[in-house]
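model.json, holding JSON, C-alpha atoms and all ligand atoms:
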```json
[["chain", "number", "residue", "atom", "x", "y", "z"],
["A", 1, "MET", "CA", 39.41, 78.42, 61.45],
["A", 2, "GLN", "CA", 42.55, 76.43, 62.09],
["A", 3, "ASP", "CA", 43.40, 72.84, 61.36],
["A", 4, "HIS", "CA", 43.20, 70.27, 64.14],
["A", 5, "GLN", "CA", 46.85, 70.67, 65.12],
["A", 6, "GLY", "CA", 46.44, 74.23, 66.39],
["A", 7, "ALA", "CA", 48.44, 75.87, 63.57],
["A", 8, "SER", "CA", 50.13, 78.53, 65.68],
["A", 9, "HIS", "CA", 51.67, 75.93, 68.00],
["A", 10, "GLU", "CA", 53.21, 73.52, 65.54],
["A", 11, "ASP", "CA", 56.71, 74.35, 66.75],
["A", 12, "GLN", "CA", 56.04, 72.89, 70.21],
["A", 13, "THR", "CA", 56.91, 69.28, 69.49],
["A", 14, "PRO", "CA", 58.23, 67.68, 72.67],
["A", 15, "THR", "CA", 61.29, 65.43, 72.69],
["A", 16, "PRO", "CA", 61.31, 62.09, 74.57],
["A", 17, "ASP", "CA", 63.27, 63.92, 77.31],
["A", 18, "ASP", "CA", 60.45, 66.46, 77.68],
["A", 19, "VAL", "CA", 57.92, 63.63, 77.99],
["A", 20, "ALA", "CA", 60.12, 61.80, 80.52],
["A", 21, "ARG", "CA", 60.48, 64.94, 82.65],
["A", 22, "MET", "CA", 56.73, 65.59, 82.64],
["A", 23, "TYR", "CA", 55.97, 62.00, 83.78],
["A", 24, "ASP", "CA", 58.85, 61.97, 86.28],
["A", 25, "ASN", "CA", 57.21, 64.96, 87.94],
["A", 26, "SER", "CA", 53.56, 63.98, 87.72],
["A", 27, "SER", "CA", 53.15, 60.19, 87.70],
["A", 28, "ALA", "CA", 52.34, 59.81, 91.38],
["A", 29, "LEU", "CA", 49.57, 62.45, 91.15],
["A", 30, "LEU", "CA", 48.31, 61.21, 87.77],
["A", 31, "SER", "CA", 47.98, 57.59, 88.87],
["A", 32, "GLU", "CA", 46.10, 58.75, 91.95],
["A", 33, "VAL", "CA", 43.73, 60.82, 89.81],
["A", 34, "MET", "CA", 43.11, 57.99, 87.33],
["A", 35, "GLY", "CA", 42.68, 55.10, 89.78],
["A", 36, "GLY", "CA", 46.21, 53.70, 89.52],
["A", 37, "ASN", "CA", 46.20, 53.70, 85.73],
["A", 38, "ILE", "CA", 47.35, 56.70, 83.71],
["A", 39, "HIS", "CA", 44.68, 56.49, 81.05],
["A", 40, "LEU", "CA", 41.04, 57.34, 80.54],
["A", 41, "GLY", "CA", 38.18, 55.19, 81.83],
["A", 42, "TYR", "CA", 35.37, 53.45, 79.94],
["A", 43, "TRP", "CA", 31.75, 53.95, 81.01],
["A", 44, "ASP", "CA", 28.67, 52.41, 79.35],
["A", 45, "GLY", "CA", 26.61, 55.60, 79.70],
["A", 46, "ASP", "CA", 25.48, 58.23, 82.20],
["A", 47, "ASP", "CA", 23.92, 55.58, 84.47],
["A", 48, "ASP", "CA", 27.11, 53.52, 84.72],
["A", 49, "THR", "CA", 28.22, 53.70, 88.38],
["A", 50, "ARG", "CA", 31.69, 52.20, 87.87],
["A", 51, "SER", "CA", 34.44, 53.89, 89.91],
["A", 52, "VAL", "CA", 37.39, 55.53, 88.14],
["A", 53, "ALA", "CA", 39.61, 52.53, 89.01],
["A", 54, "GLU", "CA", 37.01, 50.12, 87.61],
["A", 55, "ALA", "CA", 36.46, 52.21, 84.49],
["A", 56, "THR", "CA", 40.18, 52.56, 83.75],
["A", 57, "ASP", "CA", 40.73, 48.83, 84.35],
["A", 58, "ALA", "CA", 37.78, 48.19, 82.00],
["A", 59, "LEU", "CA", 39.62, 50.07, 79.27],
["A", 60, "THR", "CA", 42.74, 47.94, 79.88],
["A", 61, "GLY", "CA", 40.49, 44.89, 79.57],
["A", 62, "MET", "CA", 39.11, 46.09, 76.22],
["A", 63, "VAL", "CA", 42.65, 46.41, 74.88],
["A", 64, "ALA", "CA", 43.74, 43.03, 76.29],
["A", 65, "ASP", "CA", 40.64, 41.22, 74.99],
["A", 66, "ARG", "CA", 41.79, 42.10, 71.47],
["A", 67, "LEU", "CA", 45.30, 40.65, 71.87],
["A", 68, "ALA", "CA", 44.28, 36.98, 71.35],
["A", 69, "LEU", "CA", 46.20, 36.00, 74.50],
["A", 70, "SER", "CA", 46.67, 32.50, 75.82],
["A", 71, "PRO", "CA", 48.52, 31.40, 78.97],
["A", 72, "GLY", "CA", 52.30, 31.56, 78.85],
["A", 73, "MET", "CA", 52.53, 34.15, 76.08],
["A", 74, "ARG", "CA", 55.09, 36.97, 76.17],
["A", 75, "VAL", "CA", 53.54, 40.42, 75.88],
["A", 76, "LEU", "CA", 55.03, 43.91, 75.50],
["A", 77, "ASP", "CA", 53.40, 47.03, 77.02],
["A", 78, "ILE", "CA", 54.77, 50.13, 75.24],
["A", 79, "GLY", "CA", 54.51, 53.17, 77.54],
["A", 80, "CYS", "CA", 53.64, 51.18, 80.66],
["A", 81, "GLY", "CA", 53.13, 54.06, 83.11],
["A", 82, "THR", "CA", 53.50, 52.90, 86.71],
["A", 83, "GLY", "CA", 52.63, 49.33, 85.72],
["A", 84, "ARG", "CA", 49.01, 48.78, 86.73],
["A", 85, "PRO", "CA", 47.88, 47.76, 83.20],
["A", 86, "ALA", "CA", 50.76, 45.27, 82.91],
["A", 87, "VAL", "CA", 49.88, 43.70, 86.27],
["A", 88, "TYR", "CA", 46.20, 43.53, 85.26],
["A", 89, "VAL", "CA", 46.98, 41.85, 81.92],
["A", 90, "ALA", "CA", 49.56, 39.43, 83.38],
["A", 91, "GLY", "CA", 47.22, 38.38, 86.20],
["A", 92, "THR", "CA", 44.03, 38.12, 84.14],
["A", 93, "TYR", "CA", 45.49, 36.17, 81.21],
["A", 94, "ASP", "CA", 48.39, 34.31, 82.88],
["A", 95, "VAL", "CA", 50.93, 35.82, 80.50],
["A", 96, "HIS", "CA", 54.27, 37.52, 81.13],
["A", 97, "VAL", "CA", 54.22, 41.26, 80.44],
["A", 98, "THR", "CA", 57.30, 43.43, 79.86],
["A", 99, "GLY", "CA", 56.58, 47.14, 80.24],
["A", 100, "ILE", "CA", 58.77, 49.92, 78.90],
["A", 101, "THR", "CA", 58.49, 53.63, 79.63],
["A", 102, "ILE", "CA", 60.60, 56.69, 78.87],
["A", 103, "SER", "CA", 60.25, 57.89, 82.48],
["A", 104, "PRO", "CA", 62.86, 56.59, 84.99],
["A", 105, "GLN", "CA", 60.57, 57.59, 87.85],
["A", 106, "GLN", "CA", 57.78, 55.40, 86.45],
["A", 107, "VAL", "CA", 60.19, 52.46, 86.16],
["A", 108, "GLU", "CA", 61.09, 52.91, 89.82],
["A", 109, "LEU", "CA", 57.43, 53.00, 90.91],
["A", 110, "ALA", "CA", 56.57, 50.02, 88.67],
["A", 111, "LEU", "CA", 59.51, 47.91, 89.89],
["A", 112, "ALA", "CA", 58.21, 48.26, 93.46],
["A", 113, "ARG", "CA", 55.17, 46.13, 92.53],
["A", 114, "PRO", "CA", 55.07, 42.67, 94.16],
["A", 115, "GLU", "CA", 54.17, 41.01, 90.83],
["A", 116, "VAL", "CA", 57.62, 41.72, 89.34],
["A", 117, "GLY", "CA", 59.27, 38.47, 88.29],
["A", 118, "GLU", "CA", 59.66, 35.88, 85.56],
["A", 119, "GLY", "CA", 57.12, 33.54, 84.03],
["A", 120, "PRO", "CA", 53.35, 33.69, 83.46],
["A", 121, "GLY", "CA", 51.39, 36.07, 85.69],
["A", 122, "ARG", "CA", 54.50, 38.18, 86.37],
["A", 123, "VAL", "CA", 55.75, 41.51, 85.02],
["A", 124, "ALA", "CA", 59.08, 43.19, 84.18],
["A", 125, "PHE", "CA", 59.81, 46.87, 83.59],
["A", 126, "GLU", "CA", 62.60, 48.85, 82.01],
["A", 127, "CYS", "CA", 63.37, 52.31, 80.73],
["A", 128, "ALA", "CA", 63.39, 52.46, 76.91],
["A", 129, "ASP", "CA", 62.26, 54.62, 74.01],
["A", 130, "GLY", "CA", 59.31, 53.25, 72.03],
["A", 131, "MET", "CA", 60.89, 54.67, 68.86],
["A", 132, "ALA", "CA", 63.99, 52.43, 69.32],
["A", 133, "LEU", "CA", 62.98, 49.25, 71.13],
["A", 134, "PRO", "CA", 65.83, 47.24, 72.74],
["A", 135, "PHE", "CA", 64.37, 43.85, 71.68],
["A", 136, "PRO", "CA", 65.10, 41.43, 68.82],
["A", 137, "ASP", "CA", 62.66, 40.90, 65.93],
["A", 138, "GLY", "CA", 59.64, 38.73, 66.72],
["A", 139, "ARG", "CA", 60.34, 38.64, 70.49],
["A", 140, "PHE", "CA", 56.70, 39.06, 71.62],
["A", 141, "ASP", "CA", 53.44, 37.19, 71.00],
["A", 142, "ALA", "CA", 51.39, 40.38, 71.44],
["A", 143, "VAL", "CA", 52.06, 44.11, 71.87],
["A", 144, "TYR", "CA", 49.86, 46.88, 73.23],
["A", 145, "ALA", "CA", 50.22, 50.62, 73.80],
["A", 146, "ILE", "CA", 47.72, 52.56, 75.91],
["A", 147, "GLU", "CA", 47.93, 56.35, 75.41],
["A", 148, "SER", "CA", 51.63, 56.28, 74.62],
["A", 149, "PHE", "CA", 52.01, 56.59, 70.84],
["A", 150, "LEU", "CA", 50.32, 59.99, 71.09],
["A", 151, "HIS", "CA", 53.40, 61.32, 72.94],
["A", 152, "MET", "CA", 55.89, 60.14, 70.31],
["A", 153, "ASP", "CA", 57.04, 62.61, 67.67],
["A", 154, "ASP", "CA", 57.81, 59.90, 65.10],
["A", 155, "ARG", "CA", 54.71, 57.72, 65.33],
["A", 156, "ALA", "CA", 55.51, 55.93, 62.07],
["A", 157, "LYS", "CA", 58.84, 54.79, 63.58],
["A", 158, "ALA", "CA", 57.23, 53.82, 66.89],
["A", 159, "ILE", "CA", 54.58, 51.69, 65.16],
["A", 160, "ALA", "CA", 57.18, 50.12, 62.84],
["A", 161, "GLU", "CA", 59.20, 49.21, 65.95],
["A", 162, "ALA", "CA", 56.14, 47.63, 67.59],
["A", 163, "ALA", "CA", 55.55, 45.59, 64.42],
["A", 164, "ARG", "CA", 59.20, 44.52, 64.27],
["A", 165, "VAL", "CA", 59.25, 42.96, 67.76],
["A", 166, "LEU", "CA", 55.95, 41.14, 67.17],
["A", 167, "ARG", "CA", 55.96, 37.52, 65.99],
["A", 168, "PRO", "CA", 54.24, 36.57, 62.72],
["A", 169, "GLY", "CA", 50.46, 36.50, 63.24],
["A", 170, "GLY", "CA", 50.70, 38.50, 66.52],
["A", 171, "MET", "CA", 48.29, 41.28, 67.49],
["A", 172, "LEU", "CA", 49.12, 44.95, 68.14],
["A", 173, "VAL", "CA", 46.41, 46.94, 69.94],
["A", 174, "MET", "CA", 46.57, 50.65, 70.74],
["A", 175, "ALA", "CA", 44.36, 53.17, 72.50],
["A", 176, "ASN", "CA", 44.75, 56.89, 71.86],
["A", 177, "PRO", "CA", 42.77, 60.10, 72.07],
["A", 178, "TYR", "CA", 42.65, 62.01, 68.80],
["A", 179, "VAL", "CA", 41.30, 65.26, 67.42],
["A", 180, "GLU", "CA", 39.38, 65.33, 64.15],
["A", 181, "GLY", "CA", 37.74, 68.08, 62.17],
["A", 182, "GLU", "CA", 37.86, 71.87, 62.04],
["A", 183, "LEU", "CA", 38.49, 73.91, 65.17],
["A", 184, "THR", "CA", 37.69, 77.54, 65.83],
["A", 185, "GLU", "CA", 40.61, 79.66, 66.98],
["A", 186, "ALA", "CA", 39.42, 79.40, 70.59],
["A", 187, "GLU", "CA", 39.12, 75.60, 70.31],
["A", 188, "ALA", "CA", 42.57, 75.33, 68.74],
["A", 189, "GLU", "CA", 43.94, 77.25, 71.73],
["A", 190, "ILE", "CA", 42.43, 74.65, 74.09],
["A", 191, "VAL", "CA", 43.97, 71.80, 72.09],
["A", 192, "ALA", "CA", 47.34, 73.58, 72.09],
["A", 193, "ALA", "CA", 47.17, 74.17, 75.86],
["A", 194, "ASN", "CA", 46.38, 70.50, 76.43],
["A", 195, "ARG", "CA", 49.26, 69.45, 74.17],
["A", 196, "GLU", "CA", 51.63, 71.69, 76.09],
["A", 197, "LEU", "CA", 50.39, 70.44, 79.46],
["A", 198, "PHE", "CA", 50.83, 66.76, 78.59],
["A", 199, "GLN", "CA", 53.81, 67.06, 76.17],
["A", 200, "ILE", "CA", 52.01, 65.88, 73.04],
["A", 201, "PRO", "CA", 53.22, 66.45, 69.46],
["A", 202, "PRO", "CA", 50.56, 67.40, 66.88],
["A", 203, "VAL", "CA", 47.62, 65.11, 67.71],
["A", 204, "GLY", "CA", 47.03, 62.41, 65.08],
["A", 205, "SER", "CA", 43.66, 61.33, 63.70],
["A", 206, "ALA", "CA", 42.44, 57.72, 63.63],
["A", 207, "ASP", "CA", 43.31, 57.66, 59.91],
["A", 208, "ASP", "CA", 46.90, 58.72, 60.66],
["A", 209, "TYR", "CA", 47.35, 55.76, 63.02],
["A", 210, "VAL", "CA", 45.75, 53.37, 60.53],
["A", 211, "GLY", "CA", 48.10, 54.68, 57.83],
["A", 212, "HIS", "CA", 51.17, 54.06, 60.01],
["A", 213, "LEU", "CA", 49.98, 50.51, 60.78],
["A", 214, "ARG", "CA", 49.52, 49.70, 57.10],
["A", 215, "ASP", "CA", 52.90, 51.23, 56.23],
["A", 216, "ALA", "CA", 54.42, 48.92, 58.86],
["A", 217, "GLY", "CA", 52.92, 45.96, 56.96],
["A", 218, "LEU", "CA", 50.13, 45.22, 59.44],
["A", 219, "GLU", "CA", 46.55, 44.30, 58.62],
["A", 220, "VAL", "CA", 44.17, 46.61, 60.52],
["A", 221, "THR", "CA", 41.41, 44.42, 61.95],
["A", 222, "GLU", "CA", 39.37, 46.94, 63.98],
["A", 223, "VAL", "CA", 38.97, 50.69, 64.50],
["A", 224, "LEU", "CA", 36.56, 51.36, 67.36],
["A", 225, "ASP", "CA", 35.64, 54.92, 68.37],
["A", 226, "ILE", "CA", 34.86, 55.03, 72.10],
["A", 227, "GLY", "CA", 35.10, 58.82, 72.43],
["A", 228, "GLU", "CA", 31.72, 59.16, 74.15],
["A", 229, "ASN", "CA", 32.43, 56.26, 76.55],
["A", 230, "VAL", "CA", 35.63, 57.84, 77.88],
["A", 231, "ARG", "CA", 34.47, 61.47, 77.90],
["A", 232, "ARG", "CA", 33.50, 61.42, 81.59],
["A", 233, "SER", "CA", 37.17, 60.84, 82.49],
["A", 234, "HIS", "CA", 38.20, 64.37, 81.58],
["A", 235, "ALA", "CA", 35.61, 65.94, 83.88],
["A", 236, "VAL", "CA", 36.43, 63.53, 86.72],
["A", 237, "ALA", "CA", 40.16, 64.20, 86.34],
["A", 238, "ALA", "CA", 39.59, 67.97, 86.27],
["A", 239, "ASP", "CA", 37.51, 67.73, 89.46],
["A", 240, "THR", "CA", 40.17, 65.71, 91.25],
["A", 241, "VAL", "CA", 42.97, 68.07, 90.21],
["A", 242, "ARG", "CA", 40.91, 71.07, 91.35],
["A", 243, "ARG", "CA", 40.20, 69.41, 94.71],
["A", 244, "ALA", "CA", 43.92, 68.60, 95.11],
["A", 245, "GLY", "CA", 44.47, 72.39, 95.14],
["A", 246, "ASP", "CA", 42.12, 72.92, 98.07],
["A", 247, "GLY", "CA", 44.03, 73.40, 101.27],
["A", 248, "HIS", "CA", 47.08, 74.76, 99.44],
["A", 249, "ASP", "CA", 48.27, 78.35, 99.18],
["A", 250, "GLY", "CA", 47.01, 80.78, 96.54],
["A", 251, "ALA", "CA", 49.62, 80.29, 93.81],
["A", 252, "PHE", "CA", 49.60, 76.47, 93.81],
["A", 253, "ARG", "CA", 45.85, 76.37, 94.06],
["A", 254, "GLN", "CA", 45.57, 78.78, 91.12],
["A", 255, "GLN", "CA", 47.98, 76.65, 89.07],
["A", 256, "LEU", "CA", 45.99, 73.47, 89.67],
["A", 257, "SER", "CA", 42.76, 75.26, 88.90],
["A", 258, "GLU", "CA", 44.17, 76.38, 85.53],
["A", 259, "VAL", "CA", 45.30, 72.81, 84.77],
["A", 260, "ALA", "CA", 41.82, 71.55, 85.69],
["A", 261, "ASP", "CA", 40.23, 74.11, 83.33],
["A", 262, "ILE", "CA", 42.39, 72.94, 80.42],
["A", 263, "ILE", "CA", 41.54, 69.27, 81.03],
["A", 264, "GLU", "CA", 37.83, 70.05, 81.36],
["A", 265, "ARG", "CA", 37.63, 72.22, 78.25],
["A", 266, "PHE", "CA", 39.66, 69.79, 76.15],
["A", 267, "GLY", "CA", 37.47, 66.88, 77.20],
["A", 268, "ALA", "CA", 34.30, 68.78, 76.30],
["A", 269, "LEU", "CA", 35.36, 69.45, 72.69],
["A", 270, "PRO", "CA", 33.17, 67.39, 70.34],
["A", 271, "GLN", "CA", 36.17, 67.05, 67.98],
["A", 272, "VAL", "CA", 38.03, 65.04, 70.63],
["A", 273, "GLY", "CA", 37.57, 61.32, 70.04],
["A", 274, "TYR", "CA", 39.24, 58.17, 71.31],
["A", 275, "GLY", "CA", 40.16, 55.15, 69.27],
["A", 276, "LEU", "CA", 40.92, 51.53, 69.99],
["A", 277, "ILE", "CA", 42.77, 50.18, 66.99],
["A", 278, "ALA", "CA", 43.75, 46.54, 66.50],
["A", 279, "ALA", "CA", 46.08, 45.12, 63.85],
["A", 280, "ARG", "CA", 47.79, 41.86, 63.03],
["A", 281, "THR", "CA", 51.17, 41.01, 61.49],
["A", 282, "ALA", "CA", 51.14, 38.72, 58.49],
["A", 283, "ALA", "CA", 51.12, 35.04, 59.53],
["A", 284, "ALA", "CA", 54.19, 32.88, 58.99],
["A", 285, "ARG", "CA", 54.14, 30.80, 55.83],
["A", 301, "LIG", "N1", 49.97, 52.94, 79.45],
["A", 301, "LIG", "C1", 50.07, 53.47, 80.80],
["A", 301, "LIG", "C2", 50.63, 54.90, 80.84],
["A", 301, "LIG", "C3", 50.01, 55.88, 79.89],
["A", 301, "LIG", "S1", 50.75, 57.49, 80.07],
["A", 301, "LIG", "C4", 48.72, 53.42, 81.44],
["A", 301, "LIG", "O1", 47.76, 53.25, 80.70],
["A", 301, "LIG", "O2", 48.61, 53.53, 82.66],
["A", 301, "LIG", "C5", 51.86, 57.54, 78.67],
["A", 301, "LIG", "C6", 53.03, 56.59, 78.78],
["A", 301, "LIG", "O3", 53.76, 56.64, 77.57],
["A", 301, "LIG", "C7", 54.02, 56.93, 79.89],
["A", 301, "LIG", "O4", 54.42, 55.76, 80.54],
["A", 301, "LIG", "C8", 55.20, 57.52, 79.12],
["A", 301, "LIG", "O5", 56.44, 57.39, 79.76],
["A", 301, "LIG", "C9", 55.14, 56.68, 77.87],
["A", 301, "LIG", "N2", 55.90, 57.24, 76.75],
["A", 301, "LIG", "C10", 55.74, 58.42, 76.15],
["A", 301, "LIG", "N3", 56.66, 58.60, 75.20],
["A", 301, "LIG", "C11", 57.44, 57.48, 75.20],
["A", 301, "LIG", "C12", 58.57, 57.03, 74.45],
["A", 301, "LIG", "N4", 59.10, 57.78, 73.49],
["A", 301, "LIG", "N5", 59.06, 55.82, 74.72],
["A", 301, "LIG", "C13", 58.55, 55.02, 75.70],
["A", 301, "LIG", "N6", 57.49, 55.39, 76.45],
["A", 301, "LIG", "C14", 56.94, 56.60, 76.20]]
```

Structure translated into structure tokens:
Amino acid sequence: MQDHQGASHEDQTPTPDDVARMYDNSSALLSEVMGGNIHLGYWDGDDDTRSVAEATDALTGMVADRLALSPGMRVLDIGCGTGRPAVYVAGTYDVHVTGITISPQQVELALARPEVGEGPGRVAFECADGMALPFPDGRFDAVYAIESFLHMDDRAKAIAEAARVLRPGGMLVMANPYVEGELTEAEAEIVAANRELFQIPPVGSADDYVGHLRDAGLEVTEVLDIGENVRRSHAVAADTVRRAGDGHDGAFRQQLSEVADIIERFGALPQVGYGLIAARTAAAR
């Protein structure tokens, strides 16, 4: 047995540059596979007929619903991808959303969106590292991070930074896959392959994230495990990647088929969960 980090692969911790390069190369394909978002979708059960775009937007909605938003607020999206979640949140709640990402290519794609601008309902994007945010203390009314903290090698620093730029009484909501419990050697290999594919440092557990939030002085208000609701996403993504290989030559097709296998096997591991975690900064006195 190995621990949930895949013990033999602990040396493969990616730098922000590694993560940026991976997303620079794959964001167009990934957003196509995931319905414009680059995160997993939420389904109510096997009978739920929601499309991938609807299911991934539904997950954005679950995060946003926990941010206690009201019109005119200023919101930060840490790890904004190509900007679809920011546009969804800005438009649905009439708030202004600033998105940051480590990938210059994602910033370029996001800045091409017609919703870019100032004021409520609009969005702004820039390239920045979540572990060193270029904003003053208390700048935002709410902060969220969908599947981005998992890429950061110093998650304690990243979460402390999120807390720093949040005003007193503001909400921070995050969504991340995690791995919990013992893994056989074969299972640890699958986790390690997935980490390598998506440039992920050792995968944290829900408790690790909660610990970082408390260390940053936040009050954790909710930990919701939606692992079974998002599980379908892995299989759907694997299918789409495999189909993308059809019509290509042998080597490329083989490469995509191997990527699809990793995604599918990772998503089928019962130890793989997914957490929505909400926390609040102490209110002003
Ligand atoms: N939240 C978006 C994208 C998720 S993909 C969505 O749901 O569609 C992961 C995102 O985290 C990417 O945008 C990636 O660039 C970002 N990310 C990873 N490490 C980062 C870092 N150190 N600083 C800023 N963004 C980072």

Quiz item: For the atom pair CA of Ser103 (chain A) and CA of Gly130 (chain A), what is the interatomic distance in Å to one decimal place?
Solution: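 Going from CA of Ser103 (chain A) over to CA of Gly130 (chain A), I get 11.5 Å.
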
Kindly provide, as lines of an AutoDock Vina configuration file, the centre and edge lengths (Å, one decimal) of an axis-aligned box around all atoms of ligand LIG 301 (chain A) given in the file, with 4 Å on each side.
```
center_x = 53.4
center_y = 55.8
center_z = 78.1
size_x = 19.3
size_y = 13.7
size_z = 17.2
```

Exercise. Show me which residues sit within 6 Å of ligand LIG 301 (chain A) when counting all atoms listed in the file, and put them as a list in words.
Key: Pro16, Val19, Ala20, Asn37, Ile38, His39, Gly79, Cys80, Gly81, Pro85, Thr101, Ile102, Ser103, Ala128, Asp129, Gly130, Met131, Ile146, Glu147, Ser148, His151 and Met152 of chain A

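When only C-alpha atoms are used to compute distances to Leu197 (chain A), the closest of the residues A:Phe266, A:Tyr42, A:Phe125, A:Phe135 turns out to be A:Phe266.
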
Practice problem: Measuring atom to atom with all atoms listed in the file, identify which of A:Ile263, A:Ile78, A:Ala283, A:Ala206 is nearest to Pro134 (chain A). | Solution: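 Using all atoms listed in the file, the shortest distance to Pro134 (chain A) belongs to A:Ile78.
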
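Among A:Gln12, A:Asn194, A:Gln106, A:Thr98, the residue with the shortest atom-to-atom distance to Ala124 (chain A), counting all atoms listed in the file, is A:Thr98.
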
Quiz prompt | Who sits within 6 Å of region 160-177 of chain A, only C-alpha atoms, same chain under 2 positions skipped, as number ranges by chain | solution = A: 67, 137-147, 157-158, 216, 273-284

Quiz item: Closest to Val63 (chain A) among A:Asp215, A:Gly204, A:Gln254, A:Glu222, using only C-alpha atoms?
Solution: A:Glu222

Quiz item: Near Gly245 (chain A), within 12 Å and counting only C-alpha atoms, which residues show up once chain neighbours fewer than 4 positions away are dropped, as a PyMOL selection string?
Solution: chain A and resi 29+238-241+249-260

Self-check item: Straight-line distance linking CA of Ile100 (chain A) with CA of Glu54 (chain A), stated in Å to one decimal
Solution: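 Straight-line distance from CA of Ile100 (chain A) to CA of Glu54 (chain A) works out to 23.4 Å.
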
Quiz item: With only C-alpha atoms as the atoms that count, which of A:Glu108, A:Glu189, A:Asp44, A:Asp94 lies nearest to Ala28 (chain A)?
Solution: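 Of A:Glu108, A:Glu189, A:Asp44, A:Asp94, the one nearest Ala28 (chain A), counting only C-alpha atoms, is A:Glu108.
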
Quiz item: Just how far from CA of Leu109 (chain A) is CA of Tyr23 (chain A), in Å to one decimal?
Solution: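 Those two atoms sit 11.6 Å apart.
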
Exercise. Could you check which of A:Ala188, A:Leu59, A:Ile200, A:Val272 is closest to Gly227 (chain A), using all atoms listed in the file?
Key: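 Result for the nearest residue to Gly227 (chain A): A:Val272.
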
Self-check item: Shell around Val123 (chain A) at 6 Å using all atoms listed in the file, local window under 2 positions removed, as a list of chain:residue names
Solution: A:His96, A:Val97, A:Thr98, A:Val116, A:Gly117

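Within 9 Å of Gly72 (chain A), once all atoms listed in the file are used and residues closer than 3 positions along the same chain are dropped, the contacting residues are Leu69, Tyr93, Asp94, Val95, His96, Gly119, Pro120 and Gly121 of chain A.
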
Quiz prompt | Selection near Ala268 (chain A), 12 Å with all atoms listed in the file, sequence-local residues under 5 positions removed, as a list in words | solution =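 What passes the distance filter is Val179, Glu187, Ile190, Val191, Gly227, Glu228, Val230, Arg231, Arg232, Ser233, His234, Ala235, Val236, Ala238, Asp261, Ile262, Ile263 and Gly273 of chain A.
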